[in-house]
Amino acid sequence: MIDTQTLRAEQLQRASEVIRHDDFLVDTPAFIAGADVGFEQEGAVTRAAIAILRYPSLELVEYQIARVATTMPYIPGFLSFREYPALLAAWERLQQKPDLVFVDGHGISHPRRLGVASHFGLLVNVPTIGVAKKRLCGKFAPLDAVAGALAPLEDKGEQLGWVWRSKARCNPLFIATGHRVSADSALAWVQRCMAGYRLPEPTRWADAIASRRPAFQRWLQQHPEVPQ
């Protein structure tokens with residue numbers, strides 16, 4: 001039996017520790033990571049992929065994949081507890097630690113302000129940004145259909161992040177502070193890492209690696225020397 005009351009208390013405590021302003025160790029990140037988490041074997045295995053890109057070229061220079069036994073069932077609102085063990089396992093394998101991490105998931109745009117990007121960011125103490133594909137909480141004004149349409153995501157009188165349509169005729173992204181990054185900087189960094197797709201390059205590559213998409217298969221053939 002999962003004690004959600006204890007987990008909720010931990011969420012609230014950790015959420016109070018999240019740094020919501022810019023607190024980078026370097027003026028401009030040299031390496032930016034993308035992180036993606038999924039599940040295999042009907043949820044029995046948690047898989048995390050982390051891609052390391054050089055900035056500003058956005059060249060993929062390293063990737064790591066970790067698979068660990070899933071230790072917690074899916075409970076709405078507590079997904080980060082289910083996902084972070086695999087993320088930590090992939091993180092420990094990295095030869096090149098990044099200066100900034102984009103996580104495919106929510107940051108403070110969470111009912112208790114602790115999505116996986118914030119939870120993971122606190123655990124590794126690195127600036128993180130949540131780049132989610134769906135809204136978890138909060139409200140926003142209707143967006144125009146054009147690329148670049150933007151609206152604040154707000155909940156209970158505070159701005160949690162931004163809703164940004166990165167590509168025309170595609171659903172918007174929900175961009176929020178994870179840890180040690182302000183809301184405005186989170187949006188700016190995501191915008192700097194776009195290359196014509198809906199997703200920013202760091203999380204697009206993490207997804208491609210995790211799912212072994214054709215683009216990644218082609219890249220592997222061309223870069224056999226890259227750490228993995």
# chains A, B, ... in the order shown; residues from 1 in each chain; ligands from 1
$ select_by_dssp --residues "segment 162-200 of chain A" --states "helix (DSSP H, G or I)" --output "list in words"
Ala183, Asp184, Ser185, Ala186, Leu187, Ala188, Trp189, Val190, Gln191 and Arg192 of chain A
$ write_last_selection --atoms "N, CA, C and O atoms" --output "mmCIF file, in the first residue's frame"
data_model
loop_
_atom_site.group_PDB
_atom_site.id
_atom_site.type_symbol
_atom_site.label_atom_id
_atom_site.label_comp_id
_atom_site.auth_asym_id
_atom_site.auth_seq_id
_atom_site.Cartn_x
_atom_site.Cartn_y
_atom_site.Cartn_z
ATOM 1 N N ALA A 183 10.883 31.347 -15.063
ATOM 2 C CA ALA A 183 9.891 31.024 -16.094
ATOM 3 C C ALA A 183 10.267 31.644 -17.435
ATOM 4 O O ALA A 183 10.167 30.992 -18.483
ATOM 5 N N ASP A 184 10.700 32.907 -17.419
ATOM 6 C CA ASP A 184 11.043 33.574 -18.672
ATOM 7 C C ASP A 184 12.287 32.949 -19.303
ATOM 8 O O ASP A 184 12.359 32.788 -20.529
ATOM 9 N N SER A 185 13.269 32.590 -18.491
ATOM 10 C CA SER A 185 14.468 31.955 -19.040
ATOM 11 C C SER A 185 14.154 30.563 -19.568
ATOM 12 O O SER A 185 14.732 30.125 -20.568
ATOM 13 N N ALA A 186 13.248 29.863 -18.901
ATOM 14 C CA ALA A 186 12.851 28.538 -19.380
ATOM 15 C C ALA A 186 12.296 28.638 -20.795
ATOM 16 O O ALA A 186 12.680 27.868 -21.689
ATOM 17 N N LEU A 187 11.413 29.601 -21.007
ATOM 18 C CA LEU A 187 10.851 29.801 -22.342
ATOM 19 C C LEU A 187 11.939 30.179 -23.337
ATOM 20 O O LEU A 187 12.014 29.615 -24.448
ATOM 21 N N ALA A 188 12.819 31.090 -22.947
ATOM 22 C CA ALA A 188 13.862 31.556 -23.862
ATOM 23 C C ALA A 188 14.802 30.415 -24.256
ATOM 24 O O ALA A 188 15.182 30.297 -25.428
ATOM 25 N N TRP A 189 15.154 29.563 -23.301
ATOM 26 C CA TRP A 189 16.067 28.468 -23.626
ATOM 27 C C TRP A 189 15.410 27.424 -24.520
ATOM 28 O O TRP A 189 16.046 26.892 -25.432
ATOM 29 N N VAL A 190 14.146 27.165 -24.297
ATOM 30 C CA VAL A 190 13.445 26.247 -25.192
ATOM 31 C C VAL A 190 13.416 26.817 -26.603
ATOM 32 O O VAL A 190 13.680 26.115 -27.588
ATOM 33 N N GLN A 191 13.140 28.106 -26.715
ATOM 34 C CA GLN A 191 13.092 28.738 -28.038
ATOM 35 C C GLN A 191 14.449 28.707 -28.727
ATOM 36 O O GLN A 191 14.523 28.539 -29.951
ATOM 37 N N ARG A 192 15.513 28.837 -27.976
ATOM 38 C CA ARG A 192 16.860 28.802 -28.566
ATOM 39 C C ARG A 192 17.222 27.415 -29.081
ATOM 40 O O ARG A 192 18.132 27.276 -29.906
#
$ residues_around --residues "Thr28 of chain A" --least-positions-apart "4" --cutoff "10 Å" --atoms "only C-alpha atoms" --output "list in words"
Phe24, Tyr55, Pro56, Asp99 and Leu100 of chain A
$ write_last_selection --atoms "C-alpha atoms" --output "compact mmCIF listing (two decimals), in the first residue's frame"
# COMPACT_ATOMS: atom_id res chain seq x y z
CA PHE A 24 23.25 28.90 -13.45
CA TYR A 55 25.35 24.27 -27.30
CA PRO A 56 24.87 26.25 -29.51
CA ASP A 99 24.81 22.62 -17.45
CA LEU A 100 21.06 22.60 -18.12
$ residues_around --residues "Ala89 of chain A" --least-positions-apart "5" --cutoff "10 Å" --atoms "only C-alpha atoms" --output "list in words"
Arg47, Ala48, Ala49, Gln64, Ile65, Ala66, Arg67, Val68, Tyr84 and Leu94 of chain A
$ closest_atom_pairs --of "segment 8-42 of chain A" --to "segment 203-208 of chain A" --cutoff "6 Å" --atoms "only C-alpha atoms" --output "tab-separated table"
residue	atom	partner	partner_atom	distance
A:Gly34	CA	A:Thr203	CA	4.3
A:Ala35	CA	A:Ala206	CA	5.6
A:Asp36	CA	A:Ala206	CA	5.5
$ closest_residue --among "A:Ile75, A:Leu136, A:Leu122, A:Val131" --to "Asp155 of chain A" --atoms "only C-alpha atoms"
A:Leu136
$ select_by_dssp --residues "segment 29-84 of chain A" --states "strand (DSSP E)" --output "VMD selection string"
chain A and resid 31 to 40 45 to 54 59 to 69
$ closest_residue --among "A:Gln95, A:Ser182, A:Thr177, A:Gln5" --to "Ile129 of chain A" --atoms "only C-alpha atoms"
A:Thr177
$ residues_around --residues "Pro127 of chain A" --least-positions-apart "3" --cutoff "12 Å" --atoms "only C-alpha atoms" --output "PyMOL selection string"
chain A and resi 18-26+29+31-33+97-103+107+117-124+130+176-183+185-186+189
$ atom_distance --atom1 "atom CA of Leu12 of chain A" --atom2 "atom CA of His110 of chain A"
11.0 Å
$ residues_around --residues "Thr71 of chain A" --least-positions-apart "5" --cutoff "10 Å" --atoms "only C-alpha atoms" --output "number ranges by chain"
A: 43-46, 81-83, 85
$ closest_residue --among "A:Ser57, A:Ser109, A:Thr6, A:Ser80" --to "Met194 of chain A" --atoms "only C-alpha atoms"
A:Ser57
$ atom_distance --atom1 "atom CA of Gln96 of chain A" --atom2 "atom CA of Val126 of chain A"
13.3 Å
$ closest_residue --among "A:Val61, A:Ala30, A:Ile2, A:Leu7" --to "Leu220 of chain A" --atoms "only C-alpha atoms"
A:Val61
$ atom_distance --atom1 "atom CA of Gly77 of chain A" --atom2 "atom CA of Gly148 of chain A"
29.2 Å
$ closest_residue --among "A:Phe174, A:Trp162, A:Tyr74, A:Phe140" --to "Arg198 of chain A" --atoms "only C-alpha atoms"
A:Phe174
$ closest_residue --among "A:Arg112, A:His106, A:Arg54, A:Arg165" --to "Leu199 of chain A" --atoms "only C-alpha atoms"
A:Arg165
